[in-house]
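Okay, data-v4.pdb is below, PDB, C-alpha atoms (C1' of nucleotides):
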ATOM      1  CA  MET A 967      25.956 -25.721  16.594
ATOM      2  CA  ALA A 968      26.242 -24.399  13.049
ATOM      3  CA  VAL A 969      23.098 -23.393  11.223
ATOM      4  CA  ALA A 970      22.757 -24.849   7.741
ATOM      5  CA  ASP A 971      19.921 -22.751   6.306
ATOM      6  CA  PRO A 972      21.273 -19.474   4.894
ATOM      7  CA  ILE A 973      18.292 -17.443   6.010
ATOM      8  CA  GLU A 974      18.420 -18.860   9.500
ATOM      9  CA  ARG A 975      22.091 -18.030   9.511
ATOM     10  CA  THR A 976      21.278 -14.447   8.583
ATOM     11  CA  LEU A 977      18.929 -14.255  11.541
ATOM     12  CA  ALA A 978      21.481 -15.823  13.887
ATOM     13  CA  LEU A 979      24.242 -13.526  12.715
ATOM     14  CA  GLY A 980      21.997 -10.546  13.337
ATOM     15  CA  GLY A 981      21.631 -11.640  16.922
ATOM     16  CA  TYR A 982      18.053 -12.796  16.436
ATOM     17  CA  ARG A 983      16.810 -15.980  18.011
ATOM     18  CA  LEU A 984      15.744 -18.967  15.993
ATOM     19  CA  THR A 985      12.331 -19.668  17.386
ATOM     20  CA  ALA A 986       9.687 -22.127  16.306
ATOM     21  CA  PRO A 987       7.316 -19.366  15.099
ATOM     22  CA  ARG A 988      10.036 -17.787  12.980
ATOM     23  CA  ARG A 989      10.938 -21.109  11.427
ATOM     24  CA  ALA A 990       7.260 -21.771  10.768
ATOM     25  CA  VAL A 991       6.723 -18.425   9.066
ATOM     26  CA  LEU A 992       9.820 -18.903   6.936
ATOM     27  CA  ASP A 993       8.808 -22.417   6.031
ATOM     28  CA  ARG A 994       5.291 -21.426   4.974
ATOM     29  CA  MET A 995       6.541 -18.481   2.939
ATOM     30  CA  ARG A 996       8.712 -20.934   1.059
ATOM     31  CA  GLY A 997       5.693 -23.074   0.424
ATOM     32  CA  LEU A 998       3.619 -20.162  -0.825
ATOM     33  CA  GLY A 999       5.981 -19.467  -3.744
ATOM     34  CA  ASN A1000       5.350 -16.566  -6.122
ATOM     35  CA  HIS A1001       4.314 -13.867  -3.744
ATOM     36  CA  PHE A1002       2.140 -13.570  -0.701
ATOM     37  CA  THR A1003       0.532 -11.150   1.703
ATOM     38  CA  ALA A1004       0.655 -11.142   5.478
ATOM     39  CA  GLU A1005      -2.767 -12.717   5.412
ATOM     40  CA  ASP A1006      -1.579 -15.568   3.209
ATOM     41  CA  VAL A1007       1.175 -16.351   5.656
ATOM     42  CA  GLN A1008      -1.204 -16.063   8.560
ATOM     43  CA  LEU A1009      -3.593 -18.553   6.988
ATOM     44  CA  ALA A1010      -0.743 -20.921   6.156
ATOM     45  CA  ALA A1011       0.603 -20.772   9.704
ATOM     46  CA  PRO A1012      -2.493 -20.748  11.919
ATOM     47  CA  GLU A1013      -0.502 -21.951  14.898
ATOM     48  CA  VAL A1014       1.456 -18.700  14.914
ATOM     49  CA  GLY A1015      -0.159 -15.633  16.433
ATOM     50  CA  ARG A1016      -1.256 -12.833  14.148
ATOM     51  CA  ALA A1017       1.028 -10.274  15.789
ATOM     52  CA  THR A1018       4.003 -12.584  15.468
ATOM     53  CA  VAL A1019       3.391 -13.034  11.761
ATOM     54  CA  PHE A1020       3.484  -9.270  11.279
ATOM     55  CA  ARG A1021       6.480  -8.834  13.555
ATOM     56  CA  THR A1022       8.372 -11.621  11.807
ATOM     57  CA  MET A1023       7.591 -10.319   8.342
ATOM     58  CA  LYS A1024       8.682  -6.839   9.351
ATOM     59  CA  LEU A1025      11.950  -8.258  10.652
ATOM     60  CA  MET A1026      12.558 -10.253   7.487
ATOM     61  CA  ARG A1027      11.771  -7.233   5.362
ATOM     62  CA  ASP A1028      14.337  -5.175   7.290
ATOM     63  CA  LEU A1029      16.891  -7.929   6.845
ATOM     64  CA  GLY A1030      16.215  -8.168   3.114
ATOM     65  CA  ILE A1031      15.011 -11.756   3.383
ATOM     66  CA  ILE A1032      11.727 -10.838   1.791
ATOM     67  CA  CYS A1033      11.132  -7.939  -0.553
ATOM     68  CA  GLN A1034       8.140  -5.851  -1.395
ATOM     69  CA  VAL A1035       6.562  -6.225  -4.832
ATOM     70  CA  VAL A1036       4.136  -3.573  -6.051
ATOM     71  CA  LEU A1037       1.491  -5.049  -8.313
ATOM     72  CA  ASP A1038      -0.109  -3.497 -11.342
ATOM     73  CA  ASP A1039      -3.128  -2.311  -9.385
ATOM     74  CA  GLY A1040      -1.028  -0.758  -6.654
ATOM     75  CA  ALA A1041      -1.436  -3.576  -4.148
ATOM     76  CA  THR A1042       1.774  -4.654  -2.468
ATOM     77  CA  VAL A1043       2.765  -8.216  -1.759
ATOM     78  CA  TYR A1044       5.947  -9.904  -0.620
ATOM     79  CA  GLN A1045       8.324 -12.433  -2.038
ATOM     80  CA  LEU A1046      11.336 -14.289  -0.712
ATOM     81  CA  THR A1047      14.395 -12.586  -2.121
ATOM     82  CA  GLU A1048      16.081 -14.958  -4.533
ATOM     83  CA  ASP A1049      19.599 -13.650  -4.783
ATOM     84  CA  ASP A1050      21.754 -12.473  -1.915
ATOM     85  CA  ALA A1051      19.846 -10.243   0.410
ATOM     86  CA  GLY A1052      20.635  -6.631  -0.243
ATOM     87  CA  GLU A1053      21.476  -6.983  -3.905
ATOM     88  CA  HIS A1054      19.546  -4.461  -5.901
ATOM     89  CA  HIS A1055      17.052  -6.019  -8.256
ATOM     90  CA  HIS A1056      13.651  -5.588  -9.850
ATOM     91  CA  HIS A1057      10.624  -7.746 -10.603
ATOM     92  CA  VAL A1058       8.675  -8.896 -13.633
ATOM     93  CA  ILE A1059       5.243 -10.107 -12.611
ATOM     94  CA  CYS A1060       3.133 -12.420 -14.759
ATOM     95  CA  SER A1061      -0.497 -11.369 -14.918
ATOM     96  CA  GLY A1062      -1.434 -14.926 -15.826
ATOM     97  CA  CYS A1063       0.061 -17.116 -13.123
ATOM     98  CA  GLY A1064       1.471 -14.546 -10.756
ATOM     99  CA  GLU A1065       5.014 -15.736 -11.192
ATOM    100  CA  VAL A1066       7.598 -13.167 -10.213
ATOM    101  CA  ALA A1067      11.040 -13.184 -11.816
ATOM    102  CA  GLU A1068      13.852 -11.043 -10.529
ATOM    103  CA  PHE A1069      16.281  -9.235 -12.766
ATOM    104  CA  SER A1070      18.884  -6.523 -12.586
ATOM    105  CA  SER A1071      19.618  -4.123 -15.362
ATOM    106  CA  ASP A1072      22.693  -2.157 -16.302
ATOM    107  CA  GLY A1073      20.927  -0.248 -19.038
ATOM    108  CA  LEU A1074      18.763   1.409 -16.465
ATOM    109  CA  GLU A1075      21.748   3.461 -15.319
ATOM    110  CA  ASP A1076      21.672   5.392 -18.569
ATOM    111  CA  VAL A1077      18.017   6.194 -18.093
ATOM    112  CA  LEU A1078      18.668   7.403 -14.557
ATOM    113  CA  GLY A1079      21.556   9.587 -15.704
ATOM    114  CA  ASP A1080      19.381  11.081 -18.392
ATOM    115  CA  VAL A1081      16.578  11.884 -15.981
ATOM    116  CA  ALA A1082      19.045  13.365 -13.487
ATOM    117  CA  ARG A1083      20.373  15.676 -16.169
ATOM    118  CA  ARG A1084      16.936  16.767 -17.279
ATOM    119  CA  THR A1085      15.328  17.256 -13.871
ATOM    120  CA  GLY A1086      18.260  18.469 -11.817
ATOM    121  CA  PHE A1087      17.638  15.707  -9.303
ATOM    122  CA  GLU A1088      20.399  13.616  -7.829
ATOM    123  CA  ILE A1089      19.067  10.062  -7.986
ATOM    124  CA  ASP A1090      19.785   7.858  -4.973
ATOM    125  CA  THR A1091      17.606   4.810  -5.431
ATOM    126  CA  HIS A1092      14.798   3.592  -7.620
ATOM    127  CA  ARG A1093      12.098   1.024  -7.945
ATOM    128  CA  LEU A1094      11.074  -0.659 -11.184
ATOM    129  CA  GLU A1095       8.293  -3.182 -11.620
ATOM    130  CA  LEU A1096       7.347  -4.772 -14.940
ATOM    131  CA  TYR A1097       4.036  -6.424 -15.710
ATOM    132  CA  GLY A1098       3.432  -8.910 -18.465
ATOM    133  CA  ARG A1099       3.018 -12.581 -19.259
ATOM    134  CA  CYS A1100       5.617 -15.248 -18.728
ATOM    135  CA  GLY A1101       6.661 -17.612 -21.515
ATOM    136  CA  ARG A1102       4.455 -20.419 -20.280
ATOM    137  CA  CYS A1103       1.301 -18.307 -19.986
ATOM    138  CA  ARG A1104       1.861 -16.793 -23.419
ATOM    139  CA  ARG A1105       1.617 -20.232 -24.973
ATOM    140  CA  LEU A1106      -1.713 -21.073 -23.346
TER     141      LEU A1106
ATOM    142  CA  MET B1287     -22.682  26.574 -19.886
ATOM    143  CA  ALA B1288     -19.148  25.619 -20.791
ATOM    144  CA  VAL B1289     -16.848  24.438 -18.064
ATOM    145  CA  ALA B1290     -13.520  26.237 -17.943
ATOM    146  CA  ASP B1291     -11.503  23.999 -15.648
ATOM    147  CA  PRO B1292      -9.952  21.125 -17.613
ATOM    148  CA  ILE B1293     -10.429  18.624 -14.833
ATOM    149  CA  GLU B1294     -14.038  19.600 -14.315
ATOM    150  CA  ARG B1295     -14.485  19.232 -18.036
ATOM    151  CA  THR B1296     -13.075  15.719 -17.863
ATOM    152  CA  LEU B1297     -15.619  14.882 -15.201
ATOM    153  CA  ALA B1298     -18.459  16.455 -17.177
ATOM    154  CA  LEU B1299     -17.486  14.685 -20.374
ATOM    155  CA  GLY B1300     -17.461  11.402 -18.513
ATOM    156  CA  GLY B1301     -21.054  11.999 -17.530
ATOM    157  CA  TYR B1302     -20.178  12.720 -13.920
ATOM    158  CA  ARG B1303     -21.876  15.503 -12.030
ATOM    159  CA  LEU B1304     -20.024  18.548 -10.828
ATOM    160  CA  THR B1305     -21.001  18.656  -7.184
ATOM    161  CA  ALA B1306     -19.814  20.882  -4.386
ATOM    162  CA  PRO B1307     -17.986  18.018  -2.602
ATOM    163  CA  ARG B1308     -16.118  17.077  -5.770
ATOM    164  CA  ARG B1309     -15.083  20.645  -6.392
ATOM    165  CA  ALA B1310     -13.976  20.931  -2.774
ATOM    166  CA  VAL B1311     -11.862  17.773  -2.934
ATOM    167  CA  LEU B1312     -10.257  18.880  -6.185
ATOM    168  CA  ASP B1313      -9.602  22.344  -4.824
ATOM    169  CA  ARG B1314      -7.962  21.059  -1.645
ATOM    170  CA  MET B1315      -5.814  18.579  -3.530
ATOM    171  CA  ARG B1316      -4.537  21.486  -5.582
ATOM    172  CA  GLY B1317      -3.682  23.293  -2.395
ATOM    173  CA  LEU B1318      -1.856  20.321  -0.920
ATOM    174  CA  GLY B1319       0.744  20.299  -3.702
ATOM    175  CA  ASN B1320       3.467  17.651  -3.845
ATOM    176  CA  HIS B1321       1.582  14.568  -2.866
ATOM    177  CA  PHE B1322      -1.068  13.628  -0.378
ATOM    178  CA  THR B1323      -2.953  10.759   1.178
ATOM    179  CA  ALA B1324      -6.682  10.285   1.548
ATOM    180  CA  GLU B1325      -6.294  11.440   5.112
ATOM    181  CA  ASP B1326      -4.590  14.668   4.055
ATOM    182  CA  VAL B1327      -7.492  15.466   1.774
ATOM    183  CA  GLN B1328      -9.974  14.541   4.431
ATOM    184  CA  LEU B1329      -8.351  16.897   6.931
ATOM    185  CA  ALA B1330      -8.198  19.673   4.344
ATOM    186  CA  ALA B1331     -11.868  19.253   3.475
ATOM    187  CA  PRO B1332     -13.599  18.564   6.787
ATOM    188  CA  GLU B1333     -16.958  19.611   5.396
ATOM    189  CA  VAL B1334     -16.899  16.648   3.015
ATOM    190  CA  GLY B1335     -17.831  13.232   4.365
ATOM    191  CA  ARG B1336     -15.132  10.625   4.755
ATOM    192  CA  ALA B1337     -16.777   8.210   2.360
ATOM    193  CA  THR B1338     -17.149  10.887  -0.281
ATOM    194  CA  VAL B1339     -13.462  11.718  -0.095
ATOM    195  CA  PHE B1340     -12.595   8.077  -0.760
ATOM    196  CA  ARG B1341     -15.221   7.737  -3.481
ATOM    197  CA  THR B1342     -14.060  10.922  -5.163
ATOM    198  CA  MET B1343     -10.404   9.980  -5.019
ATOM    199  CA  LYS B1344     -11.192   6.568  -6.456
ATOM    200  CA  LEU B1345     -13.092   8.200  -9.295
ATOM    201  CA  MET B1346     -10.286  10.633 -10.019
ATOM    202  CA  ARG B1347      -7.774   7.829  -9.951
ATOM    203  CA  ASP B1348      -9.814   5.876 -12.497
ATOM    204  CA  LEU B1349     -10.041   8.975 -14.690
ATOM    205  CA  GLY B1350      -6.302   9.571 -14.455
ATOM    206  CA  ILE B1351      -6.773  12.922 -12.747
ATOM    207  CA  ILE B1352      -4.626  11.809  -9.862
ATOM    208  CA  CYS B1353      -1.956   9.150  -9.978
ATOM    209  CA  GLN B1354      -0.466   6.841  -7.426
ATOM    210  CA  VAL B1355       3.110   7.443  -6.290
ATOM    211  CA  VAL B1356       4.960   4.708  -4.426
ATOM    212  CA  LEU B1357       7.418   6.139  -1.937
ATOM    213  CA  ASP B1358      10.810   4.816  -0.997
ATOM    214  CA  ASP B1359       9.496   3.051   2.081
ATOM    215  CA  GLY B1360       6.650   1.411   0.192
ATOM    216  CA  ALA B1361       3.945   3.814   1.307
ATOM    217  CA  THR B1362       1.679   5.019  -1.475
ATOM    218  CA  VAL B1363       0.445   8.554  -1.870
ATOM    219  CA  TYR B1364      -1.323  10.466  -4.619
ATOM    220  CA  GLN B1365      -0.555  13.431  -6.784
ATOM    221  CA  LEU B1366      -2.485  15.485  -9.301
ATOM    222  CA  THR B1367      -1.372  14.340 -12.730
ATOM    223  CA  GLU B1368       0.509  17.158 -14.408
ATOM    224  CA  ASP B1369       0.368  16.308 -18.064
ATOM    225  CA  ASP B1370      -2.640  15.054 -19.956
ATOM    226  CA  ALA B1371      -4.443  12.366 -18.072
ATOM    227  CA  GLY B1372      -3.594   8.956 -19.409
ATOM    228  CA  GLU B1373      -0.130   9.791 -20.692
ATOM    229  CA  HIS B1374       2.359   7.294 -19.412
ATOM    230  CA  HIS B1375       4.895   8.856 -17.077
ATOM    231  CA  HIS B1376       7.025   8.221 -14.020
ATOM    232  CA  HIS B1377       7.989  10.089 -10.883
ATOM    233  CA  VAL B1378      11.158  11.391  -9.235
ATOM    234  CA  ILE B1379      10.552  12.076  -5.562
ATOM    235  CA  CYS B1380      12.752  14.383  -3.492
ATOM    236  CA  SER B1381      13.598  12.947  -0.093
ATOM    237  CA  GLY B1382      14.239  16.450   1.174
ATOM    238  CA  CYS B1383      11.123  18.447   0.388
ATOM    239  CA  GLY B1384       8.831  15.770  -0.997
ATOM    240  CA  GLU B1385       8.596  17.402  -4.387
ATOM    241  CA  VAL B1386       7.506  15.050  -7.123
ATOM    242  CA  ALA B1387       8.543  15.656 -10.719
ATOM    243  CA  GLU B1388       7.070  13.711 -13.594
ATOM    244  CA  PHE B1389       9.078  12.472 -16.533
ATOM    245  CA  SER B1390       8.778  10.059 -19.402
ATOM    246  CA  SER B1391      11.652   8.117 -20.832
ATOM    247  CA  ASP B1392      12.302   6.647 -24.228
ATOM    248  CA  GLY B1393      15.478   4.907 -23.139
ATOM    249  CA  LEU B1394      13.461   2.702 -20.876
ATOM    250  CA  GLU B1395      12.103   0.863 -23.908
ATOM    251  CA  ASP B1396      15.517  -0.627 -24.544
ATOM    252  CA  VAL B1397      15.715  -1.872 -20.982
ATOM    253  CA  LEU B1398      12.281  -3.454 -21.273
ATOM    254  CA  GLY B1399      13.201  -5.146 -24.526
ATOM    255  CA  ASP B1400      16.344  -6.506 -22.982
ATOM    256  CA  VAL B1401      14.501  -7.907 -19.979
ATOM    257  CA  ALA B1402      11.851  -9.424 -22.239
ATOM    258  CA  ARG B1403      14.533 -11.209 -24.223
ATOM    259  CA  ARG B1404      16.290 -12.513 -21.150
ATOM    260  CA  THR B1405      13.249 -13.604 -19.146
ATOM    261  CA  GLY B1406      10.909 -14.756 -21.878
ATOM    262  CA  PHE B1407       8.235 -12.442 -20.570
ATOM    263  CA  GLU B1408       6.094 -10.258 -22.788
ATOM    264  CA  ILE B1409       6.058  -6.883 -21.053
ATOM    265  CA  ASP B1410       2.741  -5.027 -21.069
ATOM    266  CA  THR B1411       3.176  -2.214 -18.599
ATOM    267  CA  HIS B1412       5.623  -1.017 -16.012
ATOM    268  CA  ARG B1413       6.089   1.267 -13.081
ATOM    269  CA  LEU B1414       9.249   3.227 -12.314
ATOM    270  CA  GLU B1415       9.834   5.476  -9.325
ATOM    271  CA  LEU B1416      13.082   7.327  -8.668
ATOM    272  CA  TYR B1417      14.179   8.692  -5.307
ATOM    273  CA  GLY B1418      16.728  11.418  -4.756
ATOM    274  CA  ARG B1419      17.169  15.086  -3.987
ATOM    275  CA  CYS B1420      15.954  17.966  -6.100
ATOM    276  CA  GLY B1421      18.272  20.753  -7.203
ATOM    277  CA  ARG B1422      17.088  23.095  -4.493
ATOM    278  CA  CYS B1423      17.533  20.619  -1.649
ATOM    279  CA  ARG B1424      20.977  19.629  -2.891
ATOM    280  CA  ARG B1425      22.171  23.188  -2.429
ATOM    281  CA  LEU B1426      20.976  23.481   1.161
TER     282      LEU B1426
ATOM    283  C1'  DG C 217      19.219 -16.879  34.487
ATOM    284  C1'  DT C 218      18.061 -13.105  31.561
ATOM    285  C1'  DA C 219      16.796 -10.771  27.784
ATOM    286  C1'  DC C 220      14.302 -11.544  23.816
ATOM    287  C1'  DA C 221      10.157 -13.418  21.725
ATOM    288  C1'  DT C 222       5.282 -14.940  21.775
ATOM    289  C1'  DG C 223       0.251 -15.140  22.269
ATOM    290  C1'  DC C 224      -3.825 -13.075  23.177
ATOM    291  C1'  DA C 225      -6.962  -9.566  23.103
ATOM    292  C1'  DA C 226      -7.852  -4.948  22.716
ATOM    293  C1'  DA C 227      -6.920  -0.771  20.329
ATOM    294  C1'  DA C 228      -5.874   2.036  16.426
ATOM    295  C1'  DC C 229      -6.278   2.749  11.677
ATOM    296  C1'  DT C 230      -7.946   2.632   6.988
ATOM    297  C1'  DT C 231     -11.366   1.795   3.600
ATOM    298  C1'  DT C 232     -15.996   0.137   2.281
ATOM    299  C1'  DT C 233     -21.002  -0.285   2.431
ATOM    300  C1'  DG C 234     -26.088   0.378   3.242
ATOM    301  C1'  DC C 235     -29.496   3.538   3.109
ATOM    302  C1'  DA C 236     -32.378   7.493   3.499
ATOM    303  C1'  DG C 237     -32.195  12.118   1.954
ATOM    304  C1'  DT C 238     -30.460  15.751  -1.481
ATOM    305  C1'  DA C 239     -29.433  18.169  -5.554
ATOM    306  C1'  DT C 240     -27.468  18.010 -10.363
ATOM    307  C1'  DG C 241     -28.308  18.099 -15.271
TER     308       DG C 241
ATOM    309  C1'  DC D 955     -37.922  14.929 -12.141
ATOM    310  C1'  DA D 956     -35.044  10.849 -12.554
ATOM    311  C1'  DT D 957     -31.057   9.296 -10.788
ATOM    312  C1'  DA D 958     -26.409  10.160  -9.536
ATOM    313  C1'  DC D 959     -24.355  11.714  -5.393
ATOM    314  C1'  DT D 960     -23.802  12.605  -0.374
ATOM    315  C1'  DG D 961     -23.541  12.087   4.627
ATOM    316  C1'  DC D 962     -23.746   9.361   8.407
ATOM    317  C1'  DA D 963     -22.863   5.518  10.928
ATOM    318  C1'  DA D 964     -21.861   0.919  11.065
ATOM    319  C1'  DA D 965     -19.095  -2.771   9.283
ATOM    320  C1'  DA D 966     -15.107  -4.855   7.460
ATOM    321  C1'  DG D 967     -10.350  -5.293   7.032
ATOM    322  C1'  DT D 968      -5.575  -4.564   8.367
ATOM    323  C1'  DT D 969      -1.721  -3.558  11.363
ATOM    324  C1'  DT D 970      -0.103  -2.271  16.033
ATOM    325  C1'  DT D 971       0.333  -2.431  21.069
ATOM    326  C1'  DG D 972       0.364  -3.770  26.087
ATOM    327  C1'  DC D 973       1.362  -7.136  29.040
ATOM    328  C1'  DA D 974       1.826 -11.593  31.292
ATOM    329  C1'  DT D 975       4.060 -15.896  30.008
ATOM    330  C1'  DG D 976       7.404 -18.702  27.704
ATOM    331  C1'  DT D 977      11.998 -19.991  25.905
ATOM    332  C1'  DA D 978      16.470 -19.590  23.163
ATOM    333  C1'  DC D 979      21.016 -18.972  24.189
TER     334       DC D 979
END

Output the structure of this file as structure tokens.
Amino acid sequence: MAVADPIERTLALGGYRLTAPRRAVLDRMRGLGNHFTAEDVQLAAPEVGRATVFRTMKLMRDLGIICQVVLDDGATVYQLTEDDAGEHHHHVICSGCGEVAEFSSDGLEDVLGDVARRTGFEIDTHRLELYGRCGRCRRL
Amino acid sequence: MAVADPIERTLALGGYRLTAPRRAVLDRMRGLGNHFTAEDVQLAAPEVGRATVFRTMKLMRDLGIICQVVLDDGATVYQLTEDDAGEHHHHVICSGCGEVAEFSSDGLEDVLGDVARRTGFEIDTHRLELYGRCGRCRRL
DNA sequence: GTACATGCAAAACTTTTGCAGTATG
DNA sequence: CATACTGCAAAAGTTTTGCATGTAC
């Protein structure tokens, strides 16, 4: 039978089984919005074993279903990837409500080229996180 | 008596005492080069208590003496800040030898402005890490 | 039916804390 | 000589692992 949910399809195509715990973890992550830690997911899905939560989140991270977000203070949390898994993107995190918006930037290429020229490095990948306040929180 | 070492002066000016454990931690971090974790420092300074290593590294992080570097795989390590503590800068990390170079970029401002316009966010701070290969490793 | 996945509990780490003793400024 | 700092050991928190059992395909 065909699988409707795109994420579940990703799992199926990768040869991974669609189990109740995996569906539960996915479902709760969707409910958590913004971003979440392993502990958040664990608390939201108490019927799933601790180890399975970690194993499932590791799997989803490898598959690009969730992505790591580094906060201002250095803590790292996760978020369901919005666009197609694998697409390169960055995050803007609101210090007020915690909302995370994804964006991609072409202008960044110039910056990378400039740094490569100045440092002699050949740049392969990068990570950019922005911190600020979203439109809604700015009006409060 | 005047303190010659700039980092020790920073500590002294902040009202912090120059103790043997703090000097030892600083000295070993200098010897570790590139970047290091709390465990690396702990192993390099076995005569200093575990808790003191963590307390000292936390203090130095707050004072800007060391800065956090987020690696490609999401792990975070530390590095002695090269330029004046507090100056905003970014890192380029070599996947070959682990060398970390610091840089600052003016062009990034344009990117931030563009993202702000498109997302409605007001950007306060940011974090940018680049990953690649340094000139030396590229020639190997 | 078989390989993959899970749950549980224990283990392995990492970081923090309480407190009595020590040493800096 | 007051008090900031340290070491130790215990606690707290987080992620991993081993293994018997369960289940998706």

When distances are computed from all atoms listed in the file, which of D:DC979, D:DA966, D:DG961, D:DA974 shows the smallest separation from chain A?
D:DC979

Once chain A sits on chain B after a least-squares Cα superposition, all atoms in order, what's the RMSD?
0.1 Å

Contact set, chain A to chain B: 7 Å, only C-alpha atoms, as a ChimeraX atom specification:
/A:1073-1074,1077,1086-1101

Proximal residues of chain C relative to chain A (all atoms listed in the file; 8 Å) as a PyMOL selection string:
chain C and resi 220-223

Could you write those residues out with C-alpha atoms (C1' of nucleotides), as an mmCIF file, keeping the file's coordinate frame?
data_model
loop_
_atom_site.group_PDB
_atom_site.id
_atom_site.type_symbol
_atom_site.label_atom_id
_atom_site.label_comp_id
_atom_site.auth_asym_id
_atom_site.auth_seq_id
_atom_site.Cartn_x
_atom_site.Cartn_y
_atom_site.Cartn_z
ATOM 1 C "C1'" DC C 220 14.302 -11.544 23.816
ATOM 2 C "C1'" DA C 221 10.157 -13.418 21.725
ATOM 3 C "C1'" DT C 222 5.282 -14.940 21.775
ATOM 4 C "C1'" DG C 223 0.251 -15.140 22.269
#

Report, in Å with one decimal, the straight-line distance from CA of Lys1024 (chain A) to CA of Ala1324 (chain B).
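Separating CA of Lys1024 (chain A) from CA of Ala1324 (chain B) is a distance of 24.3 Å.
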
Picked residues, the PyMOL selection byres ((chain A and resi 1011) around 12), expected as an MDAnalysis selection string
chainID A and resid 986:998 1004:1010 1012:1016 1018:1020

What's the separation between C1' of DA228 (chain C) and C1' of DA965 (chain D), in Å to one decimal place?
15.8 Å
